[in-house]
$ cat start.cif   # mmCIF, C-alpha atoms
data_protein
#
loop_
_atom_site.label_atom_id
_atom_site.label_comp_id
_atom_site.auth_asym_id
_atom_site.auth_seq_id
_atom_site.Cartn_x
_atom_site.Cartn_y
_atom_site.Cartn_z
CA MET R 67 9.44 -11.07 -12.64
CA GLU R 68 11.80 -8.33 -11.45
CA GLN R 69 10.99 -6.90 -8.02
CA LEU R 70 10.65 -3.13 -8.38
CA THR R 71 12.36 -1.01 -5.76
CA GLY R 72 12.96 2.64 -4.96
CA ALA R 73 11.63 5.34 -7.27
CA ARG R 74 10.39 2.80 -9.84
CA ALA R 75 8.29 0.96 -7.26
CA GLU R 76 6.86 4.18 -5.78
CA LEU R 77 5.91 5.54 -9.20
CA ALA R 78 4.33 2.22 -10.23
CA ARG R 79 2.33 2.17 -6.98
CA LEU R 80 1.01 5.70 -7.45
CA ILE R 81 0.07 5.03 -11.08
CA ALA R 82 -1.85 1.89 -10.10
CA GLU R 83 -3.59 3.47 -7.12
CA ARG R 84 -4.69 6.56 -9.02
CA ARG R 85 -5.41 4.75 -12.29
CA GLU R 86 -3.04 6.87 -14.35
CA ASP R 87 -1.55 5.69 -17.62
CA TYR R 88 2.09 5.57 -18.64
CA ALA R 89 1.67 7.39 -21.94
CA GLY R 90 -0.29 10.29 -20.46
CA LEU R 91 2.30 10.89 -17.75
CA SER R 92 5.10 10.68 -20.31
CA ARG R 93 3.45 13.34 -22.44
CA MET R 94 2.94 15.53 -19.37
CA LEU R 95 6.72 15.43 -18.90
CA GLY R 96 7.28 16.34 -22.55
CA ARG R 97 8.69 12.89 -23.27
CA ASN R 98 7.86 10.17 -25.79
CA ALA R 99 4.86 8.02 -24.91
CA ALA R 100 6.99 5.04 -23.76
CA TYR R 101 9.23 7.01 -21.40
CA ILE R 102 7.51 6.21 -18.08
CA GLN R 103 6.91 2.56 -19.00
CA GLN R 104 10.57 2.09 -19.93
CA PHE R 105 11.71 3.70 -16.68
CA ILE R 106 9.49 1.43 -14.56
CA LYS R 107 9.76 -1.81 -16.51
CA ARG R 108 13.33 -1.61 -17.84
CA GLY R 109 15.07 0.89 -15.59
CA THR R 110 15.82 3.21 -18.51
CA PRO R 111 16.84 5.87 -17.64
CA ARG R 112 18.40 4.68 -14.39
CA ARG R 113 17.33 7.87 -12.61
CA LEU R 114 14.68 10.47 -13.29
CA SER R 115 15.96 13.92 -14.10
CA GLU R 116 15.55 16.68 -11.53
CA ASP R 117 12.90 18.36 -13.69
CA ASP R 118 10.94 15.12 -14.20
CA ARG R 119 11.06 14.33 -10.47
CA ALA R 120 9.75 17.77 -9.59
CA LYS R 121 6.88 17.59 -12.13
CA LEU R 122 5.81 14.14 -10.96
CA ALA R 123 5.99 15.16 -7.29
CA ARG R 124 3.77 18.18 -7.97
CA TYR R 125 1.35 16.12 -10.05
CA PHE R 126 0.92 13.39 -7.43
CA ASP R 127 1.28 15.85 -4.51
CA VAL R 128 4.00 13.80 -2.82
CA ASP R 129 7.50 14.44 -1.55
CA GLU R 130 10.10 14.46 -4.33
CA SER R 131 12.23 12.09 -2.25
CA LEU R 132 9.89 9.25 -3.29
CA PHE R 133 11.35 9.52 -6.78
CA GLY R 134 14.98 9.74 -5.70
CA GLY R 135 15.21 13.46 -5.00
CA PRO R 136 16.07 15.31 -1.80
CA ALA R 137 13.44 15.37 0.94
CA ARG R 138 11.75 18.73 1.25
CA LEU R 139 11.58 20.36 4.64
CA LEU R 140 8.04 20.45 5.92
CA GLU R 141 6.75 22.92 8.42
CA ALA R 142 5.50 21.41 11.62
CA SER R 143 1.73 21.09 11.53
CA THR R 144 -0.73 20.88 14.37
CA ASP R 145 -3.54 19.95 11.97
CA LEU R 146 -3.13 16.21 12.30
CA ILE R 147 -5.62 13.73 10.87
CA ALA R 148 -6.91 11.29 13.45
CA ILE R 149 -6.88 7.68 12.27
CA PRO R 150 -8.92 5.31 14.47
CA ARG R 151 -7.21 2.38 16.17
CA TYR R 152 -9.38 -0.63 16.94
CA ASP R 153 -8.95 -3.39 19.49
CA ILE R 154 -8.72 -5.87 16.64
CA ARG R 155 -5.94 -8.26 15.74
CA ALA R 156 -5.48 -9.95 12.39
CA SER R 157 -6.86 -13.43 13.16
CA ALA R 158 -8.95 -11.92 15.96
CA GLY R 159 -12.17 -13.73 15.12
CA PRO R 160 -15.67 -12.83 13.93
CA GLY R 161 -17.12 -9.35 13.86
CA ALA R 162 -13.86 -7.53 13.15
CA PHE R 163 -14.25 -4.38 11.05
CA ALA R 164 -18.02 -4.56 11.40
CA ASP R 165 -20.12 -1.43 11.06
CA GLY R 166 -20.41 0.32 14.37
CA GLU R 167 -17.05 -0.89 15.65
CA VAL R 168 -15.86 1.56 18.31
CA PRO R 169 -12.20 2.67 18.23
CA ILE R 170 -10.17 2.47 21.42
CA ALA R 171 -7.88 5.35 20.42
CA HIS R 172 -6.87 7.64 17.56
CA LEU R 173 -3.38 8.24 16.19
CA GLY R 174 -2.54 11.59 14.58
CA PHE R 175 -0.83 11.71 11.15
CA ASP R 176 0.25 14.65 9.05
CA GLU R 177 -1.96 14.96 5.96
CA ARG R 178 1.00 15.13 3.58
CA PHE R 179 2.50 12.00 5.12
CA LEU R 180 -0.77 10.13 4.57
CA LYS R 181 -0.83 11.21 0.93
CA GLN R 182 2.61 9.67 0.50
CA LEU R 183 1.30 6.38 1.86
CA CYS R 184 -1.78 6.08 -0.32
CA SER R 185 -4.55 7.97 -2.08
CA ALA R 186 -7.30 6.85 0.31
CA ARG R 187 -9.59 9.18 2.18
CA PRO R 188 -8.88 9.28 5.94
CA ALA R 189 -12.32 7.72 6.49
CA ASP R 190 -11.08 4.59 4.69
CA LEU R 191 -8.05 4.15 6.96
CA SER R 192 -7.94 2.15 10.19
CA ILE R 193 -5.25 0.81 12.49
CA ILE R 194 -5.30 -2.72 13.92
CA ARG R 195 -2.68 -5.02 15.40
CA VAL R 196 -0.90 -8.09 14.01
CA ARG R 197 -1.13 -11.42 15.79
CA GLY R 198 1.30 -14.27 15.11
CA ASP R 199 4.44 -14.70 13.02
CA SER R 200 3.12 -15.73 9.60
CA MET R 201 4.36 -12.47 8.02
CA PHE R 202 7.68 -12.34 9.87
CA PRO R 203 10.12 -10.65 9.28
CA THR R 204 8.06 -8.05 7.40
CA LEU R 205 5.47 -7.88 10.17
CA ALA R 206 5.91 -9.15 13.71
CA ASP R 207 3.48 -10.15 16.43
CA GLY R 208 2.15 -6.97 18.08
CA ASP R 209 2.89 -4.59 15.18
CA ASP R 210 0.32 -1.88 14.47
CA ILE R 211 -0.74 -1.75 10.81
CA MET R 212 -2.69 0.89 8.90
CA VAL R 213 -5.25 -0.64 6.56
CA ASP R 214 -6.63 1.12 3.47
CA ARG R 215 -10.12 -0.33 3.04
CA SER R 216 -10.70 1.41 -0.32
CA ALA R 217 -8.10 -0.63 -2.26
CA VAL R 218 -9.88 -3.98 -2.33
CA THR R 219 -11.51 -4.65 -5.70
CA GLY R 220 -10.95 -4.58 -9.45
CA SER R 221 -7.98 -2.64 -10.77
CA ALA R 222 -7.35 -1.20 -7.28
CA LEU R 223 -6.17 -4.66 -6.20
CA HIS R 224 -2.49 -5.17 -6.98
CA ASP R 225 0.53 -6.87 -5.46
CA GLY R 226 0.95 -6.06 -1.79
CA ILE R 227 0.13 -7.04 1.78
CA TYR R 228 -3.56 -7.24 2.62
CA VAL R 229 -5.90 -8.05 5.47
CA LEU R 230 -8.24 -10.89 4.43
CA ARG R 231 -11.19 -12.58 6.05
CA ARG R 232 -11.21 -16.38 5.94
CA ASP R 233 -13.83 -18.39 7.82
CA GLU R 234 -14.74 -15.33 9.91
CA THR R 235 -11.11 -14.83 10.92
CA LEU R 236 -8.87 -11.94 9.89
CA THR R 237 -5.44 -12.78 8.47
CA VAL R 238 -2.59 -10.73 7.04
CA LYS R 239 -1.12 -12.15 3.84
CA ARG R 240 0.85 -11.12 0.79
CA ILE R 241 -1.10 -11.12 -2.48
CA ALA R 242 0.36 -11.41 -5.97
CA VAL R 243 -2.06 -10.68 -8.83
CA HIS R 244 -1.55 -12.54 -12.12
CA PRO R 245 -1.49 -9.82 -14.83
CA GLY R 246 -3.53 -11.91 -17.29
CA SER R 247 -6.03 -14.03 -15.40
CA ARG R 248 -6.16 -11.70 -12.36
CA LYS R 249 -6.05 -14.80 -10.16
CA LEU R 250 -4.36 -14.42 -6.80
CA THR R 251 -1.46 -16.12 -5.11
CA ILE R 252 -1.83 -15.72 -1.36
CA SER R 253 1.29 -16.33 0.69
CA SER R 254 3.06 -15.65 3.99
CA ASP R 255 6.49 -14.05 4.26
CA ASN R 256 7.35 -16.75 6.81
CA SER R 257 8.21 -19.83 4.72
CA ALA R 258 6.92 -22.13 7.49
CA TYR R 259 3.36 -21.28 6.41
CA PRO R 260 1.68 -22.59 3.22
CA SER R 261 0.74 -20.58 0.13
CA TRP R 262 -2.47 -20.69 -1.90
CA PRO R 263 -1.90 -20.26 -5.67
CA ASP R 264 -4.48 -19.52 -8.37
CA CYS R 265 -7.22 -18.26 -6.07
CA ASP R 266 -10.32 -16.80 -7.65
CA PRO R 267 -10.55 -13.19 -6.42
CA ASN R 268 -14.32 -13.62 -6.09
CA ASP R 269 -13.70 -16.30 -3.45
CA VAL R 270 -11.46 -14.06 -1.33
CA GLU R 271 -12.85 -11.40 0.99
CA VAL R 272 -10.27 -8.63 0.98
CA ILE R 273 -10.70 -6.18 3.85
CA GLY R 274 -7.96 -3.73 2.89
CA ARG R 275 -4.36 -3.14 1.93
CA VAL R 276 -1.65 -2.61 4.55
CA VAL R 277 0.03 0.75 3.81
CA TRP R 278 1.99 1.39 7.01
CA ALA R 279 3.33 -0.50 10.00
CA GLY R 280 4.72 0.60 13.36
CA ARG R 281 6.27 -1.37 16.18
CA LYS R 282 7.72 -0.99 19.62
CA ILE R 283 11.50 -1.34 19.78
CA ASN R 284 12.59 -3.44 22.71
#
$ encode --input "start.cif" --output "structure tokens"
Amino acid sequence: MEQLTGARAELARLIAERREDYAGLSRMLGRNAAYIQQFIKRGTPRRLSEDDRAKLARYFDVDESLFGGPARLLEASTDLIAIPRYDIRASAGPGAFADGEVPIAHLGFDERFLKQLCSARPADLSIIRVRGDSMFPTLADGDDIMVDRSAVTGSALHDGIYVLRRDETLTVKRIAVHPGSRKLTISSDNSAYPSWPDCDPNDVEVIGRVVWAGRKIN
């Protein structure tokens, strides 16, 4: 299966997260019903037109640069949304993400930036820290990751990096969802670690999807 990148990947992500349909978006743009599907699946056209980019950006309330257009200049905002950071590491042991967990800090994010990351409510977002090298080079030991705890079941679950709970331990793994059976392949980006194919989604406790990562540069 072709790995989607750039504008095609961003548009596919937004459609999946917000449960839109290809034909409806195509008609909104004044195009034939297959237009969006052909752009995402086949890369035809190679680039969205300026008018189509602008309409999609307004519809999804995101920066047009996500679809290959120029980044818009945003006014500086002091109205930042505080996302809680917990003293939890992926593979940190039992009790992580339990009700009543007390954050050790809050990090401020611009509301429009958060909307570009995902469609979750701020209350569904948390920041924890990565432990170990199983997801290297994508994620390194000590990276902070933002976890969307709303994207965990049913059609909301799609290919991506997730925080899982296995045997009362949190882990960060990449999930690939089979389009037919909806079974999961759970893997690490570090090839030294094993993969688990054909997992029943009912047997996997998904805590949330990783939508952002930050790290200290040494």
$ resolve_selection --input "start.cif" --expression "the PyMOL selection byres ((chain R and resi 184) around 12)" --output "PyMOL selection string"
chain R and resi 76-77+79-84+126-128+177-183+185-188+190-191+212-217+222+275-278
$ residues_around --input "start.cif" --residues "region 107-118 of chain R" --least-positions-apart "4" --cutoff "10 Å" --atoms "all atoms listed in the file" --output "tab-separated table (two decimals) with C-alpha atoms, in the coordinates of the input"
chain	number	residue	atom	x	y	z
R	68	GLU	CA	11.80	-8.33	-11.45
R	69	GLN	CA	10.99	-6.90	-8.02
R	70	LEU	CA	10.65	-3.13	-8.38
R	73	ALA	CA	11.63	5.34	-7.27
R	74	ARG	CA	10.39	2.80	-9.84
R	75	ALA	CA	8.29	0.96	-7.26
R	78	ALA	CA	4.33	2.22	-10.23
R	92	SER	CA	5.10	10.68	-20.31
R	94	MET	CA	2.94	15.53	-19.37
R	95	LEU	CA	6.72	15.43	-18.90
R	96	GLY	CA	7.28	16.34	-22.55
R	97	ARG	CA	8.69	12.89	-23.27
R	101	TYR	CA	9.23	7.01	-21.40
R	102	ILE	CA	7.51	6.21	-18.08
R	103	GLN	CA	6.91	2.56	-19.00
R	122	LEU	CA	5.81	14.14	-10.96
R	123	ALA	CA	5.99	15.16	-7.29
R	124	ARG	CA	3.77	18.18	-7.97
R	130	GLU	CA	10.10	14.46	-4.33
R	133	PHE	CA	11.35	9.52	-6.78
R	134	GLY	CA	14.98	9.74	-5.70
R	135	GLY	CA	15.21	13.46	-5.00
R	136	PRO	CA	16.07	15.31	-1.80
$ atom_distance --input "start.cif" --atom1 "CA of Thr204 (chain R)" --atom2 "CA of Ala258 (chain R)"
14.1 Å
$ resolve_selection --input "start.cif" --expression "the PyMOL selection byres ((chain R and resi 241-244) around 8)" --output "list in words"
Leu223, His224, Asp225, Gly226, Ile227, Tyr228, Lys239, Arg240, Pro245, Gly246, Ser247, Arg248, Lys249, Leu250, Thr251, Ile252 and Ser253 of chain R
$ write_last_selection --input "start.cif" --atoms "C-alpha atoms" --output "compact mmCIF listing (two decimals), in the frame of the given file"
# COMPACT_ATOMS: atom_id res chain seq x y z
CA LEU R 223 -6.17 -4.66 -6.20
CA HIS R 224 -2.49 -5.17 -6.98
CA ASP R 225 0.53 -6.87 -5.46
CA GLY R 226 0.95 -6.06 -1.79
CA ILE R 227 0.13 -7.04 1.78
CA TYR R 228 -3.56 -7.24 2.62
CA LYS R 239 -1.12 -12.15 3.84
CA ARG R 240 0.85 -11.12 0.79
CA PRO R 245 -1.49 -9.82 -14.83
CA GLY R 246 -3.53 -11.91 -17.29
CA SER R 247 -6.03 -14.03 -15.40
CA ARG R 248 -6.16 -11.70 -12.36
CA LYS R 249 -6.05 -14.80 -10.16
CA LEU R 250 -4.36 -14.42 -6.80
CA THR R 251 -1.46 -16.12 -5.11
CA ILE R 252 -1.83 -15.72 -1.36
CA SER R 253 1.29 -16.33 0.69
$ residues_near_point --input "start.cif" --point "(7.5, -20.5, 9.1)" --cutoff "12 Å" --atoms "all atoms listed in the file" --output "PyMOL selection string"
chain R and resi 198-203+253-261
$ write_last_selection --input "start.cif" --atoms "C-alpha atoms" --output "PDB file, in the frame of the given file"
ATOM      1  CA  GLY R 198       1.300 -14.270  15.110  1.00  0.00           C
ATOM      2  CA  ASP R 199       4.440 -14.700  13.020  1.00  0.00           C
ATOM      3  CA  SER R 200       3.120 -15.730   9.600  1.00  0.00           C
ATOM      4  CA  MET R 201       4.360 -12.470   8.020  1.00  0.00           C
ATOM      5  CA  PHE R 202       7.680 -12.340   9.870  1.00  0.00           C
ATOM      6  CA  PRO R 203      10.120 -10.650   9.280  1.00  0.00           C
ATOM      7  CA  SER R 253       1.290 -16.330   0.690  1.00  0.00           C
ATOM      8  CA  SER R 254       3.060 -15.650   3.990  1.00  0.00           C
ATOM      9  CA  ASP R 255       6.490 -14.050   4.260  1.00  0.00           C
ATOM     10  CA  ASN R 256       7.350 -16.750   6.810  1.00  0.00           C
ATOM     11  CA  SER R 257       8.210 -19.830   4.720  1.00  0.00           C
ATOM     12  CA  ALA R 258       6.920 -22.130   7.490  1.00  0.00           C
ATOM     13  CA  TYR R 259       3.360 -21.280   6.410  1.00  0.00           C
ATOM     14  CA  PRO R 260       1.680 -22.590   3.220  1.00  0.00           C
ATOM     15  CA  SER R 261       0.740 -20.580   0.130  1.00  0.00           C
TER      16      SER R 261
END
$ atom_distance --input "start.cif" --atom1 "CA of Val196 (chain R)" --atom2 "CA of Gly280 (chain R)"
10.4 Å
$ atom_distance --input "start.cif" --atom1 "CA of Val168 (chain R)" --atom2 "CA of Ser192 (chain R)"
11.4 Å
$ residues_around --input "start.cif" --residues "Ile194 (chain R)" --least-positions-apart "5" --cutoff "6 Å" --atoms "only C-alpha atoms" --output "VMD selection string"
chain R and resid 151 to 152 154 to 155 210 to 211
$ closest_residue --input "start.cif" --among "R:Glu271, R:Asp209, R:Glu86, R:Asp264" --to "Asp233 (chain R)" --atoms "all atoms listed in the file"
R:Glu271
